[in-house]
Amino acid sequence: IGDKVVLTPVNAAQPMHVSDLSLADHPECREVNADPTGTSWKVCLFMESKEDKGDNLKGGDVVRLFHAEQEKFLTGDKYKGAMNVFLRTSGRSKKTDATSSKAMWEVEIVNHDPCRGGAGHWNNLYRFKHLASGRYLAAEVDHDTSFDPTRQKLRGASDMVYHLVVDSEDMEPVYTIFELESTTIMRTDQMVPRNSYVRFRHLCTTTWVHSTSIAIDKDTDKTPVMHKVGLAQCREDKEAFAVVPVPAQEVRDLDFANDAAKAISKIAGKMGEGKNMTPNERKYITRLLEDLVYFVICKENPGGQRPDPITLEGVPDRDRQKLVREQDVLKEIFNLIKIPLKHGAKPLFQMDDLADKRYEYMQYIFRLCYRIIEHSQHNYRKNQEDIANKFLRTMQSQIGYGVRAEDTIAALVNNNVKLLEKYIHDPEIQTFVDLLKKNRETKFLTY
């Protein structure tokens, strides 16, 4: 530990080197590349071997925080364009099953050495990074004057009230630091068990985290499900959270879905500006969409030759169906297939152009998009309603162009009377009748 070493990849045979160049998307970071001159790297201890025990909370662990009294998970999500932290109400009978990718938090142990992690002790300081957004749990003054009995009871003599948020660029890092207190008697130098019940104390404001009945989404037609999380001077024993470890595979799934959404968004944004994809980008986005098909039906490691994703059948995984909706993969896929429908600037191509051999690659991309959509809605009511409500018109406008729009709509409304009555009317029925007359294909009778 502390030695300086040179790192040389086996296949490249050139030492890793830190460049003076800043990254375009992260100016505070430097590029790492290969260079014969090399760069010396210092070996730093992240965690001692005696701390590496599966039953202890460690820096880098990903957890969900479940409020034991309210039976709700601490969640971070956007509402009206702003990021909020709240306790989410679930309609499920077993509340612990109401898991979400937006309720995952990565534990960070605060140390003087930023490279140091290790096991968490009760006398450590902690940060919690919202995994889906990359932002940290923090506290700030709450200017909402809504009455809440718990807040009124716990605020004490203080005139200031606080609530949980995620950090912003102008917020001091100290506002993201928390202490943990056990619900049972423990020595402060003991390690924190992974499945503990804990209370949170905000270091900078010396306030304790508590639930409230104040709804964030109170101005919607539906019953509010997002409830603000406050902080007060007085501690309440029942304001405790269960620390629920998240399996590593679930974290990897989130990383993949998150990265996929960003990659598709980048390509869709470029094409929306009238710029065509480079050959490498075509290859990359095609491979990514194929992987998404395999991902949703849990066949991402088929082995040997890759099966045809358009015809490949499988049972979609419900958690992954939920993930592609929550992480905006479906939203970005629809942004991609809307490219020929954009008004204003002249689009790169029209839907009629997909029959041209020049745009054969684009037709395949569209077919992959619709295959992902089809798998994502299969036997999943929430996804079906979301797709029908936001994107059905887009799909209807692309019927008859050989991109599987008809197949996807048929799968969406098949045996789904509510969706059928709500979204399929005379114009949609007439579209299928016209296709039947034009193409003389019996499959349109099924639709």
# chains A, B, ... in the order shown; residues from 1 in each chain; ligands from 1
>>> residues_around(residues="Val244 (chain A)", least_positions_apart="5", cutoff="10 Å", atoms="only C-alpha atoms", output="mmCIF file with all heavy atoms, in the first residue's frame")
data_model
loop_
_atom_site.group_PDB
_atom_site.id
_atom_site.type_symbol
_atom_site.label_atom_id
_atom_site.label_comp_id
_atom_site.auth_asym_id
_atom_site.auth_seq_id
_atom_site.Cartn_x
_atom_site.Cartn_y
_atom_site.Cartn_z
ATOM 1 N N VAL A 62 -25.285 -0.876 -2.434
ATOM 2 C CA VAL A 62 -26.506 -0.236 -2.921
ATOM 3 C C VAL A 62 -27.672 -0.784 -2.105
ATOM 4 O O VAL A 62 -27.825 -1.996 -1.959
ATOM 5 C CB VAL A 62 -26.722 -0.497 -4.426
ATOM 6 C CG1 VAL A 62 -28.038 0.116 -4.892
ATOM 7 C CG2 VAL A 62 -25.565 0.079 -5.223
ATOM 8 N N VAL A 63 -28.483 0.138 -1.568
ATOM 9 C CA VAL A 63 -29.565 -0.264 -0.677
ATOM 10 C C VAL A 63 -30.848 0.489 -1.036
ATOM 11 O O VAL A 63 -30.829 1.483 -1.763
ATOM 12 C CB VAL A 63 -29.215 0.040 0.806
ATOM 13 C CG1 VAL A 63 -27.971 -0.725 1.230
ATOM 14 C CG2 VAL A 63 -29.024 1.541 1.031
ATOM 15 N N ARG A 64 -31.964 -0.023 -0.533
ATOM 16 C CA ARG A 64 -33.213 0.726 -0.490
ATOM 17 C C ARG A 64 -33.500 1.052 0.970
ATOM 18 O O ARG A 64 -33.119 0.285 1.864
ATOM 19 C CB ARG A 64 -34.372 -0.080 -1.094
ATOM 20 C CG ARG A 64 -34.286 -0.245 -2.606
ATOM 21 C CD ARG A 64 -35.566 -0.883 -3.153
ATOM 22 N NE ARG A 64 -35.543 -0.942 -4.613
ATOM 23 C CZ ARG A 64 -35.163 -2.005 -5.309
ATOM 24 N NH1 ARG A 64 -34.743 -3.087 -4.663
ATOM 25 N NH2 ARG A 64 -35.173 -1.982 -6.617
ATOM 26 N N LEU A 65 -34.163 2.175 1.201
ATOM 27 C CA LEU A 65 -34.459 2.617 2.557
ATOM 28 C C LEU A 65 -35.972 2.590 2.747
ATOM 29 O O LEU A 65 -36.698 3.373 2.125
ATOM 30 C CB LEU A 65 -33.887 4.021 2.786
ATOM 31 C CG LEU A 65 -32.362 4.128 2.568
ATOM 32 C CD1 LEU A 65 -31.911 5.577 2.578
ATOM 33 C CD2 LEU A 65 -31.612 3.328 3.640
ATOM 34 N N PHE A 66 -36.435 1.676 3.593
ATOM 35 C CA PHE A 66 -37.866 1.405 3.763
ATOM 36 C C PHE A 66 -38.328 1.931 5.114
ATOM 37 O O PHE A 66 -37.861 1.472 6.165
ATOM 38 C CB PHE A 66 -38.109 -0.104 3.655
ATOM 39 C CG PHE A 66 -39.546 -0.514 3.729
ATOM 40 C CD1 PHE A 66 -40.400 -0.278 2.656
ATOM 41 C CD2 PHE A 66 -40.062 -1.146 4.861
ATOM 42 C CE1 PHE A 66 -41.739 -0.667 2.708
ATOM 43 C CE2 PHE A 66 -41.387 -1.534 4.923
ATOM 44 C CZ PHE A 66 -42.230 -1.292 3.842
ATOM 45 N N PHE A 73 -40.994 3.250 0.575
ATOM 46 C CA PHE A 73 -39.583 3.389 0.242
ATOM 47 C C PHE A 73 -39.226 4.852 -0.001
ATOM 48 O O PHE A 73 -40.018 5.616 -0.579
ATOM 49 C CB PHE A 73 -39.250 2.583 -1.019
ATOM 50 C CG PHE A 73 -39.115 1.104 -0.783
ATOM 51 C CD1 PHE A 73 -40.138 0.231 -1.132
ATOM 52 C CD2 PHE A 73 -37.971 0.583 -0.198
ATOM 53 C CE1 PHE A 73 -40.018 -1.132 -0.927
ATOM 54 C CE2 PHE A 73 -37.837 -0.784 0.019
ATOM 55 C CZ PHE A 73 -38.866 -1.636 -0.340
ATOM 56 N N THR A 96 -43.304 -4.198 0.862
ATOM 57 C CA THR A 96 -41.882 -4.391 0.570
ATOM 58 C C THR A 96 -41.647 -4.878 -0.855
ATOM 59 O O THR A 96 -40.520 -4.854 -1.343
ATOM 60 C CB THR A 96 -41.263 -5.401 1.555
ATOM 61 O OG1 THR A 96 -42.087 -6.578 1.602
ATOM 62 C CG2 THR A 96 -41.150 -4.798 2.947
ATOM 63 N N MET A 104 -33.156 3.312 -5.292
ATOM 64 C CA MET A 104 -31.849 2.725 -4.972
ATOM 65 C C MET A 104 -30.869 3.832 -4.575
ATOM 66 O O MET A 104 -30.760 4.852 -5.255
ATOM 67 C CB MET A 104 -31.279 1.968 -6.170
ATOM 68 C CG MET A 104 -32.060 0.751 -6.579
ATOM 69 S SD MET A 104 -31.143 -0.152 -7.872
ATOM 70 C CE MET A 104 -32.447 -1.152 -8.562
ATOM 71 N N ARG A 194 -25.961 -5.021 7.650
ATOM 72 C CA ARG A 194 -26.605 -4.619 6.387
ATOM 73 C C ARG A 194 -28.115 -4.504 6.519
ATOM 74 O O ARG A 194 -28.740 -3.696 5.838
ATOM 75 C CB ARG A 194 -26.262 -5.611 5.278
ATOM 76 C CG ARG A 194 -24.820 -5.573 4.833
ATOM 77 C CD ARG A 194 -24.603 -6.430 3.612
ATOM 78 N NE ARG A 194 -25.061 -5.766 2.385
ATOM 79 C CZ ARG A 194 -25.112 -6.365 1.198
ATOM 80 N NH1 ARG A 194 -24.756 -7.634 1.092
ATOM 81 N NH2 ARG A 194 -25.508 -5.716 0.139
ATOM 82 N N ASN A 195 -28.725 -5.333 7.339
ATOM 83 C CA ASN A 195 -30.185 -5.326 7.462
ATOM 84 C C ASN A 195 -30.635 -4.588 8.728
ATOM 85 O O ASN A 195 -31.568 -5.010 9.400
ATOM 86 C CB ASN A 195 -30.718 -6.762 7.461
ATOM 87 C CG ASN A 195 -30.493 -7.453 6.128
ATOM 88 O OD1 ASN A 195 -31.147 -7.141 5.142
ATOM 89 N ND2 ASN A 195 -29.544 -8.381 6.078
ATOM 90 N N SER A 196 -29.989 -3.480 9.015
ATOM 91 C CA SER A 196 -30.297 -2.725 10.236
ATOM 92 C C SER A 196 -31.558 -1.885 10.074
ATOM 93 O O SER A 196 -32.008 -1.594 8.953
ATOM 94 C CB SER A 196 -29.136 -1.779 10.575
ATOM 95 O OG SER A 196 -27.957 -2.486 10.798
ATOM 96 N N TYR A 197 -32.097 -1.467 11.228
ATOM 97 C CA TYR A 197 -33.094 -0.410 11.288
ATOM 98 C C TYR A 197 -32.390 0.824 11.841
ATOM 99 O O TYR A 197 -31.760 0.761 12.903
ATOM 100 C CB TYR A 197 -34.270 -0.799 12.191
ATOM 101 C CG TYR A 197 -35.224 -1.765 11.530
ATOM 102 C CD1 TYR A 197 -34.990 -3.141 11.580
ATOM 103 C CD2 TYR A 197 -36.345 -1.311 10.847
ATOM 104 C CE1 TYR A 197 -35.868 -4.033 10.967
ATOM 105 C CE2 TYR A 197 -37.222 -2.194 10.229
ATOM 106 C CZ TYR A 197 -36.970 -3.551 10.289
ATOM 107 O OH TYR A 197 -37.819 -4.426 9.674
#
>>> closest_atom_pairs(of="region 36-101 of chain A", to="region 166-183 of chain A", cutoff="8 Å", atoms="only C-alpha atoms", output="tab-separated table")
residue	atom	partner	partner_atom	distance
A:Gly76	CA	A:Val166	CA	8.0
A:Met83	CA	A:Val166	CA	7.2
A:Asn84	CA	A:Val166	CA	7.1
A:Val85	CA	A:Val166	CA	6.9
>>> select_by_dssp(residues="region 98-142 of chain A", states="strand (DSSP E)", output="PyMOL selection string")
chain A and resi 105-110+125-130+137-141
>>> select_by_dssp(residues="region 259-328 of chain A", states="helix (DSSP H, G or I)", output="ChimeraX atom specification")
/A:259-272,279-296,318-326
>>> atom_distance(atom1="CA of Pro247 (chain A)", atom2="CA of Ala261 (chain A)")
21.8 Å
>>> closest_residue(among="A:Asp352, A:Asp3, A:Asp407, A:Asp237", to="Trp208 (chain A)", atoms="only C-alpha atoms")
A:Asp237
>>> closest_atom_pairs(of="region 317-405 of chain A", to="region 77-80 of chain A", cutoff="12 Å", atoms="only C-alpha atoms", output="Markdown table")
| residue | atom | partner | partner_atom | distance |
| --- | --- | --- | --- | --- |
| A:Glu326 | CA | A:Asp77 | CA | 9.4 |
| A:Gln327 | CA | A:Asp77 | CA | 10.3 |
| A:Asp328 | CA | A:Lys78 | CA | 11.8 |
>>> closest_residue(among="A:Ala98, A:Met186, A:Ala12, A:Leu57", to="Gly120 (chain A)", atoms="only C-alpha atoms")
A:Leu57
>>> closest_atom_pairs(of="region 283-325 of chain A", to="region 381-405 of chain A", cutoff="9 Å", atoms="only C-alpha atoms", output="JSON lines")
{"residue": "A:Gln321", "atom": "CA", "partner": "A:Asn383", "partner_atom": "CA", "distance": 7.7}
{"residue": "A:Lys322", "atom": "CA", "partner": "A:Asn383", "partner_atom": "CA", "distance": 7.4}
{"residue": "A:Arg325", "atom": "CA", "partner": "A:Asn383", "partner_atom": "CA", "distance": 7.0}
